[in-house]
file protein.pdb (PDB, C-alpha atoms and all ligand atoms)
ATOM      1  CA  MET K   1      -1.017 -11.288  21.884  1.00  0.00           C
ATOM      2  CA  ILE K   2      -2.524 -10.940  18.459  1.00  0.00           C
ATOM      3  CA  LYS K   3      -4.666  -8.052  17.374  1.00  0.00           C
ATOM      4  CA  THR K   4      -6.367  -7.283  14.109  1.00  0.00           C
ATOM      5  CA  LYS K   5      -5.379  -4.074  12.438  1.00  0.00           C
ATOM      6  CA  GLN K   6      -6.272  -2.270   9.229  1.00  0.00           C
ATOM      7  CA  PHE K   7      -3.002  -2.318   7.344  1.00  0.00           C
ATOM      8  CA  LEU K   8      -3.984  -0.717   4.031  1.00  0.00           C
ATOM      9  CA  ILE K   9      -2.148  -3.543   2.367  1.00  0.00           C
ATOM     10  CA  GLN K  10      -4.129  -6.100   0.468  1.00  0.00           C
ATOM     11  CA  CYS K  11      -3.621  -9.777   1.091  1.00  0.00           C
ATOM     12  CA  PRO K  12      -2.045 -11.164  -2.084  1.00  0.00           C
ATOM     13  CA  GLN K  13      -4.318 -14.156  -1.832  1.00  0.00           C
ATOM     14  CA  CYS K  14      -7.782 -12.749  -1.077  1.00  0.00           C
ATOM     15  CA  GLY K  15      -7.456  -8.937  -1.225  1.00  0.00           C
ATOM     16  CA  SER K  16      -8.526  -8.443   2.397  1.00  0.00           C
ATOM     17  CA  GLU K  17      -6.921  -5.532   4.229  1.00  0.00           C
ATOM     18  CA  GLU K  18      -7.186  -6.979   7.710  1.00  0.00           C
ATOM     19  CA  PHE K  19      -4.128  -8.655   9.104  1.00  0.00           C
ATOM     20  CA  LYS K  20      -3.475 -10.151  12.504  1.00  0.00           C
ATOM     21  CA  ILE K  21      -0.299  -8.519  13.691  1.00  0.00           C
ATOM     22  CA  PRO K  22       1.535  -9.513  16.882  1.00  0.00           C
ATOM     23  CA  GLU K  23       2.209  -6.802  19.447  1.00  0.00           C
ATOM     24  CA  ASN K  24       5.641  -5.183  18.835  1.00  0.00           C
ATOM     25  CA  VAL K  25       5.916  -6.984  15.514  1.00  0.00           C
ATOM     26  CA  GLN K  26       9.393  -7.456  14.069  1.00  0.00           C
ATOM     27  CA  ASP K  27      10.329  -7.799  10.405  1.00  0.00           C
ATOM     28  CA  GLU K  28      10.708 -11.558  10.668  1.00  0.00           C
ATOM     29  CA  ASP K  29       7.426 -12.095  12.516  1.00  0.00           C
ATOM     30  CA  LEU K  30       4.536 -13.632  10.656  1.00  0.00           C
ATOM     31  CA  VAL K  31       1.455 -11.561  10.070  1.00  0.00           C
ATOM     32  CA  ILE K  32      -1.699 -13.457   9.217  1.00  0.00           C
ATOM     33  CA  CYS K  33      -4.527 -12.438   6.947  1.00  0.00           C
ATOM     34  CA  GLY K  34      -7.658 -12.090   9.054  1.00  0.00           C
ATOM     35  CA  PHE K  35      -9.778 -13.438   6.222  1.00  0.00           C
ATOM     36  CA  CYS K  36      -7.983 -16.351   4.526  1.00  0.00           C
ATOM     37  CA  ASN K  37      -5.174 -17.022   7.048  1.00  0.00           C
ATOM     38  CA  PHE K  38      -2.474 -16.319   4.476  1.00  0.00           C
ATOM     39  CA  GLU K  39       0.808 -15.969   6.387  1.00  0.00           C
ATOM     40  CA  ALA K  40       3.848 -13.940   5.470  1.00  0.00           C
ATOM     41  CA  PRO K  41       6.639 -12.249   7.408  1.00  0.00           C
ATOM     42  CA  LEU K  42       6.136  -8.527   7.991  1.00  0.00           C
ATOM     43  CA  HIS K  43       8.941  -7.488   5.633  1.00  0.00           C
ATOM     44  CA  GLU K  44       7.286  -9.411   2.806  1.00  0.00           C
ATOM     45  CA  ILE K  45       3.879  -7.909   3.524  1.00  0.00           C
ATOM     46  CA  ARG K  46       5.501  -4.493   3.647  1.00  0.00           C
ATOM     47  CA  ALA K  47       7.203  -5.068   0.272  1.00  0.00           C
ATOM     48  CA  ILE K  48       3.846  -6.099  -1.199  1.00  0.00           C
ATOM     49  CA  GLY K  49       2.307  -2.959   0.280  1.00  0.00           C
ATOM     50  CA  ILE K  50       4.994  -0.761  -1.251  1.00  0.00           C
ATOM     51  CA  GLU K  51       4.368  -2.319  -4.663  1.00  0.00           C
ATOM     52  CA  GLN K  52       0.615  -1.790  -4.256  1.00  0.00           C
ATOM     53  CA  ALA K  53       1.170   1.806  -3.128  1.00  0.00           C
ATOM     54  CA  LYS K  54       3.332   2.493  -6.186  1.00  0.00           C
ATOM     55  CA  GLN K  55       0.594   1.283  -8.490  1.00  0.00           C
ATOM     56  CA  VAL K  56      -1.921   3.569  -6.809  1.00  0.00           C
ATOM     57  CA  VAL K  57       0.213   6.613  -6.101  1.00  0.00           C
ATOM     58  CA  ILE K  58       2.133   6.934  -9.343  1.00  0.00           C
ATOM     59  CA  PRO K  59      -0.863   7.332 -11.699  1.00  0.00           C
ATOM     60  CA  GLU K  60      -2.298   9.925  -9.311  1.00  0.00           C
ATOM     61  CA  ALA K  61       0.994  11.805  -9.091  1.00  0.00           C
ATOM     62  CA  LYS K  62       1.279  11.715 -12.880  1.00  0.00           C
ATOM     63  CA  LYS K  63      -2.174  13.215 -13.227  1.00  0.00           C
ATOM     64  CA  ALA K  64      -1.370  15.978 -10.741  1.00  0.00           C
ATOM     65  CA  ILE K  65       1.802  16.824 -12.670  1.00  0.00           C
ATOM     66  CA  GLU K  66      -0.067  16.796 -15.992  1.00  0.00           C
ATOM     67  CA  ASP K  67      -2.730  19.125 -14.593  1.00  0.00           C
ATOM     68  CA  MET K  68      -0.032  21.441 -13.292  1.00  0.00           C
ATOM     69  CA  LEU K  69       1.717  21.501 -16.674  1.00  0.00           C
ATOM     70  CA  LYS K  70      -1.564  22.122 -18.499  1.00  0.00           C
ATOM     71  CA  LYS K  71      -2.246  25.124 -16.282  1.00  0.00           C
ATOM     72  CA  ALA K  72       1.292  26.389 -16.775  1.00  0.00           C
ATOM     73  CA  PHE K  73       0.989  26.097 -20.580  1.00  0.00           C
ATOM     74  CA  LYS K  74      -2.413  27.808 -20.563  1.00  0.00           C
ATOM     75  CA  GLY K  75      -0.786  30.889 -19.092  1.00  0.00           C
ATOM     76  CA  TRP K  76       1.666  31.015 -22.008  1.00  0.00           C
ATOM     77  CA  LYS K  77      -0.939  30.860 -24.779  1.00  0.00           C
ATOM     78  CA  LYS K  78      -1.846  34.558 -24.840  1.00  0.00           C
TER      79      LYS K  78
HETATM   80 ZN    ZN K 101      -6.156 -13.211   2.685  1.00  0.00          ZN
END

call {"tool": "encode", "arguments": {"input": "protein.pdb", "output": "structure tokens"}}
result
Amino acid sequence: MIKTKQFLIQCPQCGSEEFKIPENVQDEDLVICGFCNFEAPLHEIRAIGIEQAKQVVIPEAKKAIEDMLKKAFKGWKK
């Protein structure tokens, strides 16, 4: 049985976030892009997702740390 699921991972081919994922999917199972039918095993899709998450999360984390440091330094400037 195949169901479509929001995966929050973008298809490397078309950028769609909808993948068809088999029930009880295993790492070696193919997941299929619901838009362009790009196929890749789950572990590959997951690796792509981790890379994409890094690109999104790290700049945001950096900004949060910078803001925190700015506030900390402000306190010292009296
Ligand atoms: Zn696609």

call {"tool": "closest_atom_pairs", "arguments": {"input": "protein.pdb", "of": "chain K", "to": "ligand ZN 101 (chain K)", "cutoff": "9 Å", "atoms": "all atoms listed in the file", "output": "Markdown table"}}
result
| residue | atom | partner | partner_atom | distance |
| --- | --- | --- | --- | --- |
| K:Gln10 | CA | K:ZN101 | ZN | 7.7 |
| K:Cys11 | CA | K:ZN101 | ZN | 4.6 |
| K:Pro12 | CA | K:ZN101 | ZN | 6.6 |
| K:Gln13 | CA | K:ZN101 | ZN | 5.0 |
| K:Cys14 | CA | K:ZN101 | ZN | 4.1 |
| K:Gly15 | CA | K:ZN101 | ZN | 5.9 |
| K:Ser16 | CA | K:ZN101 | ZN | 5.3 |
| K:Glu17 | CA | K:ZN101 | ZN | 7.9 |
| K:Glu18 | CA | K:ZN101 | ZN | 8.1 |
| K:Phe19 | CA | K:ZN101 | ZN | 8.1 |
| K:Ile32 | CA | K:ZN101 | ZN | 7.9 |
| K:Cys33 | CA | K:ZN101 | ZN | 4.6 |
| K:Gly34 | CA | K:ZN101 | ZN | 6.6 |
| K:Phe35 | CA | K:ZN101 | ZN | 5.1 |
| K:Cys36 | CA | K:ZN101 | ZN | 4.1 |
| K:Asn37 | CA | K:ZN101 | ZN | 5.9 |
| K:Phe38 | CA | K:ZN101 | ZN | 5.1 |
| K:Glu39 | CA | K:ZN101 | ZN | 8.4 |

call {"tool": "atom_distance", "arguments": {"input": "protein.pdb", "atom1": "CA of Glu28 (chain K)", "atom2": "CA of Pro41 (chain K)"}}
result
5.3 Å

call {"tool": "resolve_selection", "arguments": {"input": "protein.pdb", "expression": "the PyMOL selection byres (((chain K and resi 45-47) around 9) and not hetatm)", "output": "PyMOL selection string"}}
result
chain K and resi 9-12+27+31+40-44+48-52

call {"tool": "atom_distance", "arguments": {"input": "protein.pdb", "atom1": "CA of Ala61 (chain K)", "atom2": "CA of Phe73 (chain K)"}}
result
18.3 Å
